[in-house]
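**Student:** input34.txt is reproduced in full below (compact mmCIF, C-alpha atoms).
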# COMPACT_ATOMS: atom_id res chain seq x y z
CA MET A 1 44.60 -31.68 -13.44
CA GLY A 2 41.25 -30.01 -12.76
CA GLU A 3 40.90 -26.38 -11.75
CA THR A 4 39.57 -27.45 -8.37
CA MET A 5 42.62 -29.54 -7.60
CA LYS A 6 44.86 -26.67 -8.61
CA ARG A 7 43.07 -24.29 -6.27
CA ASN A 8 43.25 -26.86 -3.52
CA GLU A 9 46.96 -27.16 -3.88
CA GLU A 10 47.18 -23.41 -3.51
CA SER A 11 45.23 -23.60 -0.28
CA ASN A 12 47.51 -26.32 1.04
CA SER A 13 49.82 -23.61 2.29
CA GLN A 14 47.11 -22.72 4.83
CA PRO A 15 46.76 -24.64 8.08
CA VAL A 16 44.05 -27.29 8.42
CA TRP A 17 42.97 -25.60 11.61
CA ASN A 18 43.66 -22.03 12.61
CA GLN A 19 43.63 -22.61 16.34
CA ALA A 20 44.55 -19.07 17.38
CA GLU A 21 41.74 -17.57 15.32
CA LEU A 22 39.12 -19.89 16.82
CA LEU A 23 40.29 -19.37 20.40
CA GLU A 24 40.16 -15.63 19.91
CA ARG A 25 36.67 -15.91 18.45
CA VAL A 26 35.34 -17.93 21.41
CA ASP A 27 37.29 -15.77 23.84
CA ASP A 28 39.07 -18.87 25.19
CA ASP A 29 35.76 -20.24 26.37
CA GLN A 30 36.32 -24.02 26.39
CA GLU A 31 32.72 -24.68 27.27
CA LEU A 32 31.53 -22.80 24.20
CA LEU A 33 34.15 -24.53 22.08
CA ARG A 34 32.85 -27.91 23.22
CA GLU A 35 29.30 -26.81 22.44
CA LEU A 36 30.29 -25.67 18.94
CA LEU A 37 32.04 -28.95 18.31
CA THR A 38 28.94 -30.85 19.32
CA ILE A 39 26.87 -28.80 16.87
CA PHE A 40 29.47 -29.38 14.17
CA LYS A 41 29.56 -33.14 14.75
CA GLU A 42 25.78 -33.27 14.36
CA ASP A 43 25.27 -30.77 11.57
CA TYR A 44 28.28 -31.48 9.36
CA PRO A 45 27.53 -35.15 8.48
CA ARG A 46 23.85 -34.38 8.01
CA THR A 47 24.54 -31.46 5.66
CA VAL A 48 27.21 -33.32 3.72
CA LYS A 49 24.87 -36.24 3.20
CA ILE A 50 22.24 -33.99 1.64
CA LEU A 51 24.99 -32.28 -0.36
CA GLU A 52 26.11 -35.63 -1.75
CA GLY A 53 22.58 -36.20 -2.99
CA ALA A 54 22.43 -32.72 -4.54
CA VAL A 55 25.80 -33.24 -6.31
CA ALA A 56 24.73 -36.67 -7.59
CA GLY A 57 21.45 -35.22 -8.83
CA GLY A 58 23.09 -32.14 -10.34
CA ASP A 59 20.90 -29.86 -8.17
CA LEU A 60 23.06 -26.75 -8.41
CA LYS A 61 20.82 -24.52 -6.29
CA SER A 62 20.88 -26.90 -3.31
CA CYS A 63 24.56 -27.55 -3.92
CA ALA A 64 25.37 -23.83 -3.66
CA SER A 65 23.18 -23.29 -0.61
CA LEU A 66 24.47 -26.34 1.31
CA SER A 67 28.12 -25.64 0.57
CA HIS A 68 27.46 -22.05 1.68
CA SER A 69 26.25 -23.33 5.06
CA LEU A 70 29.24 -25.64 5.36
CA LYS A 71 31.56 -22.78 4.52
CA GLY A 72 30.01 -20.77 7.35
CA MET A 73 30.40 -23.45 10.00
CA LEU A 74 33.91 -24.46 8.87
CA SER A 75 35.24 -20.92 8.69
CA ASN A 76 33.84 -20.13 12.14
CA LEU A 77 35.69 -23.13 13.52
CA GLY A 78 38.92 -21.89 11.96
CA GLY A 79 38.90 -24.78 9.46
CA THR A 80 40.59 -22.61 6.87
CA ARG A 81 41.26 -25.24 4.21
CA ALA A 82 37.94 -27.03 4.53
CA ALA A 83 36.14 -23.67 4.40
CA ALA A 84 38.07 -22.78 1.24
CA ALA A 85 37.03 -26.11 -0.29
CA ALA A 86 33.37 -25.43 0.58
CA ALA A 87 33.69 -21.96 -0.94
CA GLU A 88 35.10 -23.52 -4.10
CA LEU A 89 32.15 -25.90 -4.35
CA GLU A 90 29.69 -23.06 -3.76
CA LYS A 91 31.35 -21.04 -6.50
CA LEU A 92 31.29 -23.94 -8.94
CA ALA A 93 27.61 -24.58 -8.28
CA SER A 94 26.66 -20.96 -8.86
CA SER A 95 26.75 -21.41 -12.66
CA PRO A 96 26.26 -24.38 -15.03
CA VAL A 97 29.09 -26.82 -14.52
CA GLU A 98 30.03 -30.36 -15.45
CA ASN A 99 28.99 -32.80 -12.79
CA HIS A 100 32.42 -34.46 -12.41
CA LEU A 101 33.85 -31.09 -11.32
CA LEU A 102 31.28 -30.86 -8.55
CA LYS A 103 32.08 -34.39 -7.43
CA GLU A 104 35.78 -33.59 -7.41
CA ALA A 105 35.21 -30.47 -5.35
CA LEU A 106 33.02 -32.38 -2.90
CA GLU A 107 35.76 -34.98 -2.43
CA VAL A 108 38.27 -32.26 -1.65
CA LEU A 109 35.88 -30.74 0.87
CA GLN A 110 35.28 -34.08 2.56
CA SER A 111 38.96 -34.84 2.73
CA GLU A 112 39.76 -31.43 4.25
CA ALA A 113 36.94 -31.73 6.78
CA ALA A 114 38.15 -35.24 7.66
CA SER A 115 41.54 -33.87 8.62
CA LEU A 116 40.04 -30.99 10.61
CA LEU A 117 37.94 -32.98 13.05
CA PRO A 118 40.82 -35.02 14.58
CA GLU A 119 42.75 -31.81 15.19
CA LEU A 120 39.80 -30.30 17.03
CA GLU A 121 39.21 -33.51 19.01
CA ALA A 122 42.88 -33.73 19.95
CA TYR A 123 42.82 -30.18 21.23
CA MET A 124 39.71 -30.79 23.32
CA THR A 125 41.26 -33.92 24.85
CA GLU A 126 44.44 -32.02 25.62
CA VAL A 127 42.48 -29.26 27.31
CA ARG A 128 40.49 -31.73 29.39
CA HIS A 129 43.67 -33.23 30.85
CA MET B 130 19.79 -3.59 24.70
CA LYS B 131 17.96 -6.12 22.54
CA ILE B 132 19.67 -7.44 19.44
CA LEU B 133 18.38 -9.80 16.80
CA ILE B 134 20.55 -12.45 15.20
CA ALA B 135 19.15 -13.95 12.01
CA GLU B 136 21.32 -16.86 10.91
CA ASP B 137 20.20 -20.19 9.51
CA GLU B 138 23.37 -22.06 10.30
CA ALA B 139 23.33 -23.37 13.91
CA LEU B 140 27.03 -23.15 14.73
CA SER B 141 27.41 -19.57 13.55
CA ARG B 142 24.19 -18.63 15.29
CA ARG B 143 25.33 -20.04 18.64
CA LEU B 144 28.74 -18.41 18.32
CA LEU B 145 27.21 -15.01 17.60
CA GLU B 146 24.67 -15.45 20.38
CA LYS B 147 27.33 -16.18 22.97
CA THR B 148 29.62 -13.39 21.75
CA LEU B 149 26.84 -10.84 22.02
CA GLU B 150 25.54 -12.11 25.33
CA ARG B 151 29.04 -11.62 26.69
CA ALA B 152 28.98 -8.07 25.34
CA GLY B 153 25.87 -7.46 27.45
CA TYR B 154 23.14 -7.66 24.82
CA GLU B 155 19.76 -9.26 25.26
CA VAL B 156 19.93 -11.64 22.30
CA ILE B 157 17.02 -12.91 20.23
CA THR B 158 17.87 -15.54 17.62
CA VAL B 159 15.92 -16.61 14.55
CA GLU B 160 16.68 -19.00 11.70
CA ASN B 161 15.30 -17.27 8.64
CA GLY B 162 14.46 -13.90 7.14
CA LYS B 163 10.73 -14.19 7.62
CA GLN B 164 11.11 -14.73 11.37
CA ALA B 165 13.60 -11.84 11.45
CA LEU B 166 11.07 -9.51 9.86
CA GLU B 167 8.39 -10.58 12.33
CA GLN B 168 10.69 -9.79 15.25
CA LEU B 169 11.75 -6.42 13.85
CA CYS B 170 8.15 -5.36 13.20
CA LYS B 171 7.03 -6.21 16.73
CA HIS B 172 6.14 -3.42 19.12
CA GLU B 173 9.26 -2.79 21.19
CA GLY B 174 11.13 -5.37 19.13
CA PRO B 175 14.93 -5.27 18.78
CA ARG B 176 16.39 -2.12 17.22
CA LEU B 177 19.76 -3.66 16.47
CA ALA B 178 19.96 -6.54 14.02
CA LEU B 179 22.66 -8.80 12.65
CA LEU B 180 21.35 -10.41 9.50
CA ASP B 181 22.94 -13.19 7.53
CA TRP B 182 22.84 -12.47 3.81
CA VAL B 183 21.88 -15.95 2.61
CA MET B 184 18.87 -17.24 4.53
CA PRO B 185 15.81 -19.35 3.75
CA GLU B 186 12.40 -17.68 3.20
CA LEU B 187 13.79 -14.16 2.88
CA ASP B 188 17.42 -13.14 2.51
CA GLY B 189 19.20 -10.42 4.52
CA PRO B 190 18.80 -7.65 1.91
CA GLY B 191 15.12 -8.63 1.59
CA VAL B 192 14.66 -8.15 5.34
CA CYS B 193 16.38 -4.75 5.14
CA ARG B 194 14.14 -3.61 2.27
CA ALA B 195 10.98 -4.75 4.08
CA VAL B 196 12.00 -3.03 7.33
CA ARG B 197 12.78 0.24 5.54
CA THR B 198 9.37 0.39 3.84
CA ARG B 199 7.59 0.58 7.19
CA ALA B 200 6.45 4.07 8.05
CA ASP B 201 6.32 5.68 11.49
CA GLN B 202 8.37 3.03 13.22
CA THR B 203 11.48 3.47 15.29
CA TYR B 204 14.73 3.11 13.42
CA VAL B 205 16.34 -0.33 13.25
CA TYR B 206 20.11 -0.44 12.79
CA MET B 207 20.88 -3.44 10.60
CA VAL B 208 24.24 -5.07 9.93
CA LEU B 209 24.52 -7.63 7.15
CA LEU B 210 26.79 -10.54 7.97
CA THR B 211 28.06 -12.34 4.95
CA SER B 212 30.88 -14.10 3.25
CA LYS B 213 30.14 -12.15 0.11
CA GLY B 214 32.68 -9.44 -0.34
CA SER B 215 32.70 -7.89 -3.80
CA LYS B 216 32.10 -4.15 -4.24
CA GLU B 217 28.89 -4.83 -6.17
CA GLU B 218 27.55 -6.95 -3.34
CA THR B 219 28.53 -4.39 -0.72
CA VAL B 220 26.66 -1.72 -2.68
CA LEU B 221 23.65 -4.02 -3.11
CA GLY B 222 23.59 -4.75 0.63
CA LEU B 223 23.79 -1.10 1.62
CA GLU B 224 21.28 -0.04 -1.04
CA SER B 225 18.80 -2.54 0.37
CA GLY B 226 18.77 -0.48 3.57
CA ALA B 227 21.50 -2.10 5.65
CA ASP B 228 23.53 0.33 7.78
CA ASP B 229 26.69 -1.70 7.82
CA TYR B 230 28.29 -4.77 6.44
CA LEU B 231 30.57 -7.33 8.06
CA THR B 232 32.28 -10.23 6.39
CA LYS B 233 32.33 -13.74 7.85
CA PRO B 234 34.01 -15.26 9.72
CA PHE B 235 33.64 -12.29 12.01
CA ASN B 236 36.20 -10.88 14.37
CA ALA B 237 34.57 -10.48 17.79
CA GLU B 238 36.23 -7.17 18.58
CA GLU B 239 35.30 -5.63 15.24
CA LEU B 240 31.74 -6.91 15.58
CA ARG B 241 31.36 -5.30 19.01
CA ALA B 242 32.87 -2.03 17.79
CA ARG B 243 30.50 -1.88 14.82
CA LEU B 244 27.51 -2.57 17.04
CA ARG B 245 28.59 0.27 19.31
CA VAL B 246 28.39 2.53 16.26
CA GLY B 247 24.83 1.28 15.81
CA GLU B 248 24.03 2.06 19.42
CA ARG B 249 25.36 5.61 18.99
CA ILE B 250 23.13 6.11 15.95
CA LEU B 251 20.11 4.79 17.85
CA LEU B 252 20.87 7.06 20.80
CA LEU B 253 21.06 9.99 18.42
CA GLU B 254 17.71 9.00 16.93
CA ASP B 255 16.17 8.75 20.41
CA ARG B 256 17.37 12.27 21.20
CA LEU B 257 15.97 13.64 17.96
CA VAL B 258 12.63 11.94 18.48
CA GLU B 259 12.48 13.24 22.04
CA ALA B 260 13.25 16.78 20.86
CA ARG B 261 10.60 16.53 18.13
CA GLU B 262 8.03 15.21 20.62
CA ASN B 263 8.81 18.02 23.04
CA MET B 264 8.33 20.57 20.27
CA ARG B 265 5.12 18.91 19.15
CA PHE B 266 3.84 18.94 22.74
CA ARG B 267 4.70 22.60 23.17
CA ALA B 268 2.95 23.45 19.91
CA THR B 269 -0.27 21.71 20.90
CA HIS B 270 -0.49 22.14 24.66
CA ASP B 271 -1.11 24.95 27.07
CA PRO B 272 2.07 25.62 29.05
CA LEU B 273 0.28 26.31 32.33
CA THR B 274 -2.17 23.41 32.55
CA SER B 275 -0.58 21.02 30.01
CA LEU B 276 -4.04 20.59 28.51
CA LEU B 277 -4.53 20.78 24.74
CA ASN B 278 -4.38 24.38 23.61
CA ARG B 279 -7.15 26.09 21.70
CA GLY B 280 -5.82 25.24 18.24
CA ALA B 281 -5.25 21.59 19.08
CA ILE B 282 -8.63 20.99 20.69
CA MET B 283 -10.39 22.77 17.82
CA ASP B 284 -8.64 20.43 15.35
CA LEU B 285 -9.60 17.38 17.36
CA LEU B 286 -13.16 18.60 17.73
CA SER B 287 -13.51 19.08 13.95
CA ARG B 288 -12.14 15.62 13.33
CA GLU B 289 -14.39 14.09 15.97
CA LEU B 290 -17.49 15.79 14.60
CA ASN B 291 -16.74 14.42 11.13
CA ARG B 292 -16.22 10.98 12.54
CA SER B 293 -19.39 10.98 14.62
CA ARG B 294 -21.32 12.15 11.55
CA ARG B 295 -19.87 9.30 9.47
CA GLU B 296 -20.60 6.74 12.15
CA GLN B 297 -23.95 8.30 13.01
CA LYS B 298 -22.97 8.88 16.60
CA SER B 299 -23.10 11.99 18.75
CA THR B 300 -20.32 14.12 20.14
CA ALA B 301 -20.94 16.17 23.26
CA ILE B 302 -19.28 19.60 23.43
CA LEU B 303 -18.95 21.17 26.85
CA LEU B 304 -17.76 24.75 27.14
CA GLY B 305 -17.05 25.64 30.76
CA ASP B 306 -16.07 28.87 32.45
CA VAL B 307 -14.81 29.28 36.02
CA ASP B 308 -17.28 31.37 38.00
CA HIS B 309 -16.00 34.66 39.39
CA PHE B 310 -12.46 33.82 38.43
CA LYS B 311 -11.51 37.44 37.99
CA ARG B 312 -12.07 37.95 41.73
CA VAL B 313 -9.50 35.25 42.51
CA ASN B 314 -6.89 36.99 40.37
CA ASP B 315 -7.78 40.44 41.65
CA THR B 316 -7.86 39.58 45.36
CA LEU B 317 -5.39 36.73 45.73
CA GLY B 318 -3.07 37.33 42.79
CA HIS B 319 -2.25 35.58 39.54
CA VAL B 320 -0.11 32.93 41.17
CA VAL B 321 -3.13 31.66 43.10
CA GLY B 322 -5.26 32.08 39.98
CA ASP B 323 -2.84 29.84 38.13
CA GLU B 324 -2.94 27.27 40.92
CA VAL B 325 -6.72 27.17 40.61
CA LEU B 326 -6.58 26.78 36.83
CA VAL B 327 -4.06 23.93 37.05
CA GLU B 328 -6.14 22.05 39.61
CA ILE B 329 -9.34 22.57 37.64
CA ALA B 330 -7.57 21.24 34.53
CA ASN B 331 -6.51 18.14 36.49
CA ARG B 332 -10.02 17.59 37.81
CA LEU B 333 -11.58 17.94 34.37
CA LEU B 334 -9.05 15.57 32.87
CA GLY B 335 -9.64 13.08 35.67
CA SER B 336 -13.38 13.16 35.11
CA VAL B 337 -13.41 12.07 31.44
CA ARG B 338 -12.57 8.84 29.62
CA SER B 339 -9.13 8.30 28.14
CA TYR B 340 -10.44 8.91 24.62
CA ASP B 341 -12.24 12.18 25.41
CA PHE B 342 -10.48 15.53 24.99
CA VAL B 343 -10.03 18.44 27.37
CA GLY B 344 -8.50 21.72 26.28
CA ARG B 345 -7.91 25.20 27.58
CA TYR B 346 -10.07 27.28 25.30
CA GLY B 347 -9.23 30.71 26.70
CA GLY B 348 -8.18 32.35 30.01
CA GLU B 349 -10.53 30.53 32.38
CA GLU B 350 -12.55 28.74 29.72
CA PHE B 351 -12.23 25.03 29.12
CA LEU B 352 -13.57 22.90 26.27
CA VAL B 353 -14.42 19.26 26.88
CA VAL B 354 -15.20 16.94 23.97
CA LEU B 355 -16.94 13.67 24.82
CA ASN B 356 -16.53 11.30 21.90
CA SER B 357 -19.29 8.88 20.88
CA CYS B 358 -21.47 10.09 23.70
CA ASP B 359 -24.98 8.70 23.95
CA PRO B 360 -27.31 11.76 23.89
CA ASN B 361 -29.44 10.20 26.66
CA TYR B 362 -26.53 10.11 29.06
CA ALA B 363 -24.72 13.26 27.93
CA PRO B 364 -26.46 15.75 30.29
CA GLY B 365 -25.79 13.45 33.25
CA ARG B 366 -22.15 13.06 32.31
CA ALA B 367 -21.79 16.81 31.82
CA GLU B 368 -23.25 17.34 35.28
CA ASP B 369 -20.78 14.86 36.79
CA ILE B 370 -17.89 16.66 35.09
CA ARG B 371 -19.12 20.02 36.38
CA LYS B 372 -19.41 18.67 39.91
CA SER B 373 -15.95 17.09 39.73
CA VAL B 374 -14.54 20.63 39.79
CA SER B 375 -16.39 21.85 42.88
CA HIS B 376 -16.77 18.67 44.92
CA ARG B 377 -13.93 19.62 47.28
CA PRO B 378 -11.90 22.79 47.94
CA ILE B 379 -8.70 23.52 46.07
CA GLN B 380 -5.67 24.02 48.29
CA THR B 381 -3.75 27.13 47.27
CA ALA B 382 -0.86 29.12 48.71
CA LYS B 383 -3.45 31.53 50.14
CA GLY B 384 -5.67 28.84 51.63
CA PRO B 385 -8.46 26.63 50.34
CA LEU B 386 -10.77 27.92 47.61
CA SER B 387 -14.01 26.47 46.32
CA PRO B 388 -14.47 27.59 42.74
CA THR B 389 -17.45 26.50 40.69
CA MET B 390 -17.96 26.30 36.95
CA SER B 391 -20.80 27.01 34.56
CA PHE B 392 -21.17 24.98 31.39
CA GLY B 393 -22.85 25.19 28.05
CA VAL B 394 -23.46 21.72 26.61
CA LEU B 395 -24.22 20.78 23.00
CA LEU B 396 -24.93 17.40 21.48
CA SER B 397 -23.94 17.24 17.85
CA ALA B 398 -26.79 14.82 17.06
CA ASP B 399 -29.28 17.61 17.92
CA TRP B 400 -27.79 20.03 15.39
CA GLY B 401 -27.03 18.05 12.26
CA PRO B 402 -24.12 18.88 9.99
CA ARG B 403 -23.01 22.39 10.88
CA PRO B 404 -19.59 24.02 10.84
CA VAL B 405 -17.63 23.68 14.04
CA GLU B 406 -17.55 27.47 14.51
CA GLU B 407 -21.33 27.57 14.47
CA LEU B 408 -21.63 24.81 17.04
CA LEU B 409 -19.13 26.57 19.28
CA HIS B 410 -21.15 29.74 18.96
CA GLU B 411 -24.27 27.87 20.06
CA VAL B 412 -22.58 26.24 23.03
CA ASP B 413 -21.23 29.64 23.98
CA ILE B 414 -24.79 30.94 24.10
CA ALA B 415 -25.78 28.02 26.35
CA LEU B 416 -22.88 28.87 28.64
CA TYR B 417 -24.08 32.45 28.75
CA GLU B 418 -27.50 31.17 29.77
CA ALA B 419 -25.95 29.13 32.55
CA LYS B 420 -24.20 32.24 33.80
CA GLY B 421 -27.48 34.14 33.63
CA ALA B 422 -29.21 31.40 35.59
CA GLY B 423 -26.98 32.03 38.60
CA ARG B 424 -23.79 30.14 37.65
CA ASP B 425 -22.60 26.77 39.04
CA CYS B 426 -24.94 24.99 36.62
CA LEU B 427 -25.16 23.88 32.99
CA ARG B 428 -27.48 24.63 30.13
CA LEU B 429 -28.10 22.53 27.07
CA ALA B 430 -27.91 24.18 23.64
CA LYS B 431 -31.05 23.19 21.71
CA PRO B 432 -31.90 24.35 18.22
CA GLY B 433 -34.94 26.63 18.20
CA PRO B 434 -36.14 30.24 18.03
CA GLN B 435 -35.04 31.01 21.60
CA ALA B 436 -31.44 30.28 20.72
CA GLU B 437 -31.59 32.55 17.72
CA VAL B 438 -32.96 35.46 19.77
CA LEU B 439 -30.22 35.01 22.34
CA SER B 440 -27.66 34.74 19.60
CA ALA B 441 -28.74 38.11 18.20
CA ALA B 442 -28.68 39.67 21.66
CA LEU B 443 -25.22 38.34 22.32
CA SER B 444 -23.72 39.62 19.15
CA GLN B 445 -24.86 43.13 20.08
CA SER B 446 -23.39 43.22 23.55
CA ALA B 447 -19.88 42.91 24.75
CA ARG B 448 -19.96 40.20 27.38
CA ARG B 449 -18.23 39.94 30.63
CA ARG B 450 -18.72 36.47 31.98
CA ASP B 451 -17.09 36.72 35.31
Do you think you could lay out the structure here as structure tokens?
**Tutor:**
Amino acid sequence: MGETMKRNEESNSQPVWNQAELLERVDDDQELLRELLTIFKEDYPRTVKILEGAVAGGDLKSCASLSHSLKGMLSNLGGTRAAAAAAELEKLASSPVENHLLKEALEVLQSEAASLLPELEAYMTEVRH
Amino acid sequence: MKILIAEDEALSRRLLEKTLERAGYEVITVENGKQALEQLCKHEGPRLALLDWVMPELDGPGVCRAVRTRADQTYVYMVLLTSKGSKEETVLGLESGADDYLTKPFNAEELRARLRVGERILLLEDRLVEARENMRFRATHDPLTSLLNRGAIMDLLSRELNRSRREQKSTAILLGDVDHFKRVNDTLGHVVGDEVLVEIANRLLGSVRSYDFVGRYGGEEFLVVLNSCDPNYAPGRAEDIRKSVSHRPIQTAKGPLSPTMSFGVLLSADWGPRPVEELLHEVDIALYEAKGAGRDCLRLAKPGPQAEVLSAALSQSARRRD
């Protein structure tokens, strides 16, 4: 089992989405929350797509910088596990590393982010009703 | 209060913007370090700044270093926002010139509290600058008229003479004395005398351009320095300044008074490179001539034998100008 997977298992004890933390950060402002989600839904896929290219091409500098941005947006949304996965990828890319480890870390990040979005969407729907 | 947010990532930027707007700040947002630096170097730009560490073009510590190298600018309180958190990085951030350091994701309450610290520091700086400016003003200005005092106007005159010499221009020096001022003090009292001096100072100041200088040279003597003054127009301008004092009565506590002034006028282009003390001596002689000619007039100081004779005569007699 790779080091990345091990770390990910450790972070599994954390919630996918730290709702309380995000609501406190936006001061319970649903309008702002909706706005942030819109930004996330636009920026996340775009950034990940470029990141995929950087990982495939072994461009460590771009890899580190893009995963840093993702870490920022995910942590601000309270996406604790996805943010931890982005941090892991950023850390890996900060020094020479085998490419399969980067790919593995990217997969973890994508999987964590994929479970975050439905939680956020579900909350927004609930609030609307 | 204005605050700058420099953050390249859109979601974090919007979140910070909204949080700080709610806290009552006037928020300016930029997306990279270069834009941040431009904003912080602007005249009356933001004095509080939240800077992301990792940014395109120039990183947060780079912005801090660049801001701190500027001289004579108001202090900018800078907080680095970053997910970096090791001791080495904290030291690096603070050594680059940042005042504080906050790890992401931020806690809104902590962020606001830390910015309030920044505001207190800026308020303290404002008070210190104000106190320094007051002291500087007191050291260079006459307390009664608020005109430049003798030392300050002499310094400016020396500087201006050097500049006009370098640029081959002419500086006009006007030394004026209030006619029969002693009578005002003796008959109406010093309070009225002071009122007259203050109003004359205002009239002199109102009669020159913003880049000319007016100073109180002595009791009732005033020195006016007209920078880059065309020698052909200088006598006319000097005459206008003289008339600006006497064109209407001065209202005092003891009724209206109509003081006049006599002036000695010297154009630096006529005299070539001479020490400032010598030029002042010559303009003093011209003023003496104006007094001798019946007062309420001006006389131009011209190099020549006549001036030298007068100069010798003056140095032998104690003068009373009144």
**Student:** Using all atoms listed in the file, find each residue of stretch 264-370 of chain B with at least one atom at most 8 Å away from an atom of stretch 404-426 of chain B; report its shortest atom-to-atom pair and that distance in Å (one decimal), sort the rows by chain and rising residue number, and return the result as JSON lines.
**Tutor:**
{"residue": "B:Leu286", "atom": "CA", "partner": "B:Val405", "partner_atom": "CA", "distance": 7.7}
{"residue": "B:Ser287", "atom": "CA", "partner": "B:Val405", "partner_atom": "CA", "distance": 6.2}
{"residue": "B:Leu290", "atom": "CA", "partner": "B:Val405", "partner_atom": "CA", "distance": 7.9}
{"residue": "B:Ile302", "atom": "CA", "partner": "B:Val412", "partner_atom": "CA", "distance": 7.4}
{"residue": "B:Leu303", "atom": "CA", "partner": "B:Val412", "partner_atom": "CA", "distance": 7.3}
{"residue": "B:Leu304", "atom": "CA", "partner": "B:Val412", "partner_atom": "CA", "distance": 6.5}
{"residue": "B:Gly305", "atom": "CA", "partner": "B:Leu416", "partner_atom": "CA", "distance": 7.0}
{"residue": "B:Asp306", "atom": "CA", "partner": "B:Leu416", "partner_atom": "CA", "distance": 7.8}
{"residue": "B:Asp308", "atom": "CA", "partner": "B:Arg424", "partner_atom": "CA", "distance": 6.6}
{"residue": "B:Glu368", "atom": "CA", "partner": "B:Cys426", "partner_atom": "CA", "distance": 7.9}
**Student:** Given a cut-off of 12 Å, which residues of chain B touch chain A, counting only C-alpha atoms, written out as a PyMOL selection string?
**Tutor:** chain B and resi 136-149+151-152+181-185+210-213+232-241
**Student:** Quick one, how far is atom CA of B:Asp399 from atom CA of B:Lys431?
**Tutor:**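 So the answer is 7.0 Å.
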**Student:** Quick check, in Å to one decimal: how far apart do atom CA of B:Met130 and atom CA of B:Leu177 lie?
**Tutor:**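 Distance between the two atoms: 8.2 Å.
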**Student:** Name all residues at most 7 Å from A:Ser94 (count all atoms listed in the file; drop same-chain ones fewer than 2 positions away) and give them as JSON, numbers by chain.
**Tutor:** {"A": [60, 64, 90, 91, 92]}
**Student:** Have a look at atom CA of A:Ala114 and atom CA of B:Leu231 and let me know their distance in Å, one decimal.
**Tutor:**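 Going from atom CA of A:Ala114 over to atom CA of B:Leu231, I get 28.9 Å.
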**Student:** Quick one: everything within 12 Å of A:Leu102, counting all atoms listed in the file, minus sequence neighbours fewer than 6 positions away in the same chain. Send it as a PDB file with C-alpha atoms, in the coordinates of the input.
**Tutor:**
ATOM      1  CA  GLY A   2      41.250 -30.010 -12.760  1.00  0.00           C
ATOM      2  CA  GLU A   3      40.900 -26.380 -11.750  1.00  0.00           C
ATOM      3  CA  THR A   4      39.570 -27.450  -8.370  1.00  0.00           C
ATOM      4  CA  MET A   5      42.620 -29.540  -7.600  1.00  0.00           C
ATOM      5  CA  LEU A  51      24.990 -32.280  -0.360  1.00  0.00           C
ATOM      6  CA  GLU A  52      26.110 -35.630  -1.750  1.00  0.00           C
ATOM      7  CA  GLY A  53      22.580 -36.200  -2.990  1.00  0.00           C
ATOM      8  CA  ALA A  54      22.430 -32.720  -4.540  1.00  0.00           C
ATOM      9  CA  VAL A  55      25.800 -33.240  -6.310  1.00  0.00           C
ATOM     10  CA  ALA A  56      24.730 -36.670  -7.590  1.00  0.00           C
ATOM     11  CA  GLY A  57      21.450 -35.220  -8.830  1.00  0.00           C
ATOM     12  CA  GLY A  58      23.090 -32.140 -10.340  1.00  0.00           C
ATOM     13  CA  ASP A  59      20.900 -29.860  -8.170  1.00  0.00           C
ATOM     14  CA  LEU A  60      23.060 -26.750  -8.410  1.00  0.00           C
ATOM     15  CA  CYS A  63      24.560 -27.550  -3.920  1.00  0.00           C
ATOM     16  CA  ALA A  64      25.370 -23.830  -3.660  1.00  0.00           C
ATOM     17  CA  SER A  67      28.120 -25.640   0.570  1.00  0.00           C
ATOM     18  CA  ALA A  85      37.030 -26.110  -0.290  1.00  0.00           C
ATOM     19  CA  ALA A  86      33.370 -25.430   0.580  1.00  0.00           C
ATOM     20  CA  ALA A  87      33.690 -21.960  -0.940  1.00  0.00           C
ATOM     21  CA  GLU A  88      35.100 -23.520  -4.100  1.00  0.00           C
ATOM     22  CA  LEU A  89      32.150 -25.900  -4.350  1.00  0.00           C
ATOM     23  CA  GLU A  90      29.690 -23.060  -3.760  1.00  0.00           C
ATOM     24  CA  LYS A  91      31.350 -21.040  -6.500  1.00  0.00           C
ATOM     25  CA  LEU A  92      31.290 -23.940  -8.940  1.00  0.00           C
ATOM     26  CA  ALA A  93      27.610 -24.580  -8.280  1.00  0.00           C
ATOM     27  CA  SER A  94      26.660 -20.960  -8.860  1.00  0.00           C
ATOM     28  CA  SER A  95      26.750 -21.410 -12.660  1.00  0.00           C
ATOM     29  CA  PRO A  96      26.260 -24.380 -15.030  1.00  0.00           C
ATOM     30  CA  VAL A 108      38.270 -32.260  -1.650  1.00  0.00           C
ATOM     31  CA  LEU A 109      35.880 -30.740   0.870  1.00  0.00           C
TER      32      LEU A 109
END
**Student:** Give as a PyMOL selection string every residue, naming chains and numbers as the document does, that has an atom within 7 Å of (-15.5, 20.3, 24.5), counting all atoms listed in the file.
**Tutor:** chain B and resi 301-304+342-343+352-355
**Student:** Those residues you just picked out, can you put them in a file as a PDB file, in the frame of the given file with C-alpha atoms?
**Tutor:**
ATOM      1  CA  ALA B 301     -20.940  16.170  23.260  1.00  0.00           C
ATOM      2  CA  ILE B 302     -19.280  19.600  23.430  1.00  0.00           C
ATOM      3  CA  LEU B 303     -18.950  21.170  26.850  1.00  0.00           C
ATOM      4  CA  LEU B 304     -17.760  24.750  27.140  1.00  0.00           C
ATOM      5  CA  PHE B 342     -10.480  15.530  24.990  1.00  0.00           C
ATOM      6  CA  VAL B 343     -10.030  18.440  27.370  1.00  0.00           C
ATOM      7  CA  LEU B 352     -13.570  22.900  26.270  1.00  0.00           C
ATOM      8  CA  VAL B 353     -14.420  19.260  26.880  1.00  0.00           C
ATOM      9  CA  VAL B 354     -15.200  16.940  23.970  1.00  0.00           C
ATOM     10  CA  LEU B 355     -16.940  13.670  24.820  1.00  0.00           C
TER      11      LEU B 355
END
